[in-house]
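S.K.: Let me give you the structure first, and then I'll get to my questions.
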Protein chains: 2
Amino acid sequence: MRFIEKLLKISQKNNSLLCVGLDTDLKKIPEFLLKEEDPVFTFNKKIVDSTSDLVCAYKPNIAFYESLGTDGLLSLKKTIDYIPDDIPVILDAKRGDIGNTARMYAKAVFEEFKADAVTVNPYLGEDSISPFLAYEDKCSFILCLTSNKSAGDFQLQIIDKRPLYELVAEKVSSWNQKKNCGLVVGATYPEQLKKIREIAYDLPILIPGVGAQKGDLEKTVKFGTDKKGNLAVINSSRGIIYASDEKDFATESRKKAKELRDDINKFRL
Amino acid sequence: MRFIEKLLKISQKNNSLLCVGLDTDLKKIPEFLLKEEDPVFTFNKKIVDSTSDLVCAYKPNIAFYESLGTDGLLSLKKTIDYIPDDIPVILDAKRGDIGNTARMYAKAVFEEFKADAVTVNPYLGEDSISPFLAYEDKCSFILCLTSNKSAGDFQLQIIDKRPLYELVAEKVSSWNQKKNCGLVVGATYPEQLKKIREIAYDLPILIPGVGAQKGDLEKTVKFGTDKKGNLAVINSSRGIIYASDEKDFATESRKKAKELRDDINKFRL
């Protein structure tokens, strides 16, 4: 099944555009879990168990796992294996390299880790993205406008009367012949999101930045969804998974996830 | 010791600006090595043993190791440990993420893998780079103009009368307060390299693309080095490490490495 079909199917089943970011940090998970053999996997398992009927995707950021070395990457692999098959896993890796090397990254992400989708960086251009797009049933979310303050350093610079991120949105739309491209746009830039959705009208858009980074939720939903109120994948990480650092952490995460899913749906078509 | 001092010291000792790229691919190493317990490490060890008096740095590209899963990353770690301490290791990872996550990548690269330097992607701007720059004795080589054909998609686009890559070179020069920034510029763009060296006159420049990608060596050396004929780190991967797929592979790699080091030196000040 193509990624986009898988995404629409679970969005409908769980009535959700919410993506939970599994940015699991040993310093932030409840302390009592540290005595477990694999605290990171144990934490993720509990979060998945308590939220899997509320989400349209999970998004582990590989940096958090890499920082723990090979043990961390094994925890990541176990986590991806554990997530129910009908929920897409977007591996947030922001990879980007020349063709020869990009093929190796694509192999790692899609074959080793078995993710359904990946985030990639556009700076090196089309031939750095095409090895990811060769996996037709997977999806590549290309960074367009990121949620951080310094996004302006380059992404907001003007080229031929429009900002670089719009050029990225245009190019990515033209690369979407196999319907396996997406974009990443931070919720911290709602007006720009509106413009990007006009350009990339049929692409899934991954939108981080509604939680800890305080993006505007109403505008995010209205401007980020397509004409049918779908294809926005709205991510929250810290705001959900670290809802409590006590024994009740999974129940509290569930509450936060349900709250955000329902808040999103209020603004949905 | 600061990275730049370490680089100048070994450049002088080995009379070399040559960096050998350890892009080790199980499909390309001599077949007889596949029966070894760790073929990737065994291959790298032999390459290092046969070239360590000829180079100013080694550059493993992490994608090749990631594509082999955690086994591959263990081989990478062993390789970095094995490389003599006076030779800097540049981990080619092209990482880039928002601050919170960039810190995790920096930790992975500098603390887990213990690399001396890393390549990073500029697309997310200054706050995505600064967590790497917090490691004062390490070096972050920021992608400026890459060697691939599609580099033009975004990097060559004009902003305020100069191309994006020049803006990157200017910004990176301004971020270099701790003298721990570098740039990556492909040898396939010699005229542009000249301009970048003018802007970033005191930064080390990592220059891939002289081997398999056929960049012009004379111009690369003349335009890539600083006023004293230093600070260019000229990388070749495939052209050196896959010189032969027979028992003599390490000796043949040494020949190729020596040849290229000497060719580079012909054009040096």
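Going by the structure tokens order, chains are called A, B, ..., each with residues numbered from 1, while ligands are numbered from 1 in the order shown.
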Per residue of chain B within 7 Å of chain A, which atom pair is closest and at what distance in Å (one decimal), using only C-alpha atoms, listed by chain and increasing number, as a Markdown table?
M.R.:
```
| residue | atom | partner | partner_atom | distance |
| --- | --- | --- | --- | --- |
| B:Ala63 | CA | A:Tyr105 | CA | 5.2 |
| B:Phe64 | CA | A:Met104 | CA | 5.7 |
| B:Glu66 | CA | A:Ala108 | CA | 5.7 |
| B:Ser67 | CA | A:Ala108 | CA | 4.1 |
| B:Gly69 | CA | A:Glu112 | CA | 6.0 |
| B:Thr70 | CA | A:Thr70 | CA | 5.5 |
| B:Leu73 | CA | A:Thr70 | CA | 6.9 |
| B:Lys94 | CA | A:Gly96 | CA | 6.7 |
| B:Arg95 | CA | A:Arg95 | CA | 6.8 |
| B:Gly96 | CA | A:Lys94 | CA | 6.7 |
| B:Ile98 | CA | A:Asn148 | CA | 6.0 |
| B:Thr101 | CA | A:Ala63 | CA | 6.3 |
| B:Met104 | CA | A:Ser67 | CA | 5.4 |
| B:Tyr105 | CA | A:Ala63 | CA | 5.2 |
| B:Lys107 | CA | A:Ser67 | CA | 5.7 |
| B:Ala108 | CA | A:Ser67 | CA | 4.1 |
| B:Glu112 | CA | A:Gly69 | CA | 6.0 |
| B:Tyr123 | CA | A:Tyr123 | CA | 6.3 |
| B:Leu124 | CA | A:Ala151 | CA | 5.1 |
| B:Gly125 | CA | A:Ser150 | CA | 4.8 |
| B:Glu126 | CA | A:Ser150 | CA | 5.6 |
| B:Asp127 | CA | A:Ser150 | CA | 5.7 |
| B:Thr146 | CA | A:Leu124 | CA | 6.8 |
| B:Asn148 | CA | A:Ile98 | CA | 6.0 |
| B:Ser150 | CA | A:Gly125 | CA | 4.8 |
| B:Ala151 | CA | A:Leu124 | CA | 5.1 |
| B:Asp153 | CA | A:Gly125 | CA | 5.2 |
| B:Phe154 | CA | A:Tyr123 | CA | 6.3 |
| B:Gln155 | CA | A:Tyr123 | CA | 6.8 |
| B:Gln157 | CA | A:Ile159 | CA | 6.7 |
| B:Ile158 | CA | A:Ile159 | CA | 5.9 |
| B:Ile159 | CA | A:Ile159 | CA | 5.4 |
```
S.K.: Residues near Asp248 of chain B, anyone? I mean within 10 Å using only C-alpha atoms, not counting same-chain ones fewer than 5 positions away, as a list in words.
M.R.: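 The residues that qualify are Pro30, Ala243 and Ser253 of chain B.
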S.K.: Write out, as a PDB file, in the first residue's frame, the residues just selected, with C-alpha atoms.
M.R.:
```
ATOM      1  CA  PRO B  30      37.764  -7.512  -2.054  1.00  0.00           C
ATOM      2  CA  ALA B 243      42.229   0.630  -6.358  1.00  0.00           C
ATOM      3  CA  SER B 253      45.544   1.942  -2.423  1.00  0.00           C
TER       4      SER B 253
END
```
S.K.: Within 12 Å of segment 115-118 of chain B, counting only C-alpha atoms, which residues qualify if same-chain residues fewer than 6 places away don't, as a PyMOL selection string?
M.R.: chain B and resi 1-7+57-62+76-83+85-96+105-109+129+132-133+135-143+180-184+204+206
S.K.: Measuring atom to atom with only C-alpha atoms, identify which of A:Gly209, A:Gly186, A:Pro84, A:Gly229 is nearest to Gln12 of chain A.
M.R.: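 Ranked by minimum distance to Gln12 of chain A, first place goes to A:Gly229.
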S.K.: In Å, rounded to a single decimal, give me how far atom CA of Thr251 of chain A is from atom CA of Val40 of chain A.
M.R.: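 Taking atom CA of Val40 of chain A as the start and atom CA of Thr251 of chain A as the end point, the length is 17.4 Å.
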S.K.: Quick one: DSSP alpha helix (DSSP H) residues in segment 76-253 of chain A, as a PyMOL selection string?
M.R.: chain A and resi 76-82+99-107+126-133+164-174+190-199+217-224+238-241+249-253
S.K.: Would you mind telling me which residue in A:Ser174, A:Thr188, A:Ser236, A:Ser16 lies nearest to Ala200 of chain A when using only C-alpha atoms?
M.R.: A:Ser174
S.K.: How would you write, as a count of residues only, the set of residues in segment 104-199 of chain A that DSSP gives as strand (DSSP E or B)?
M.R.: 20
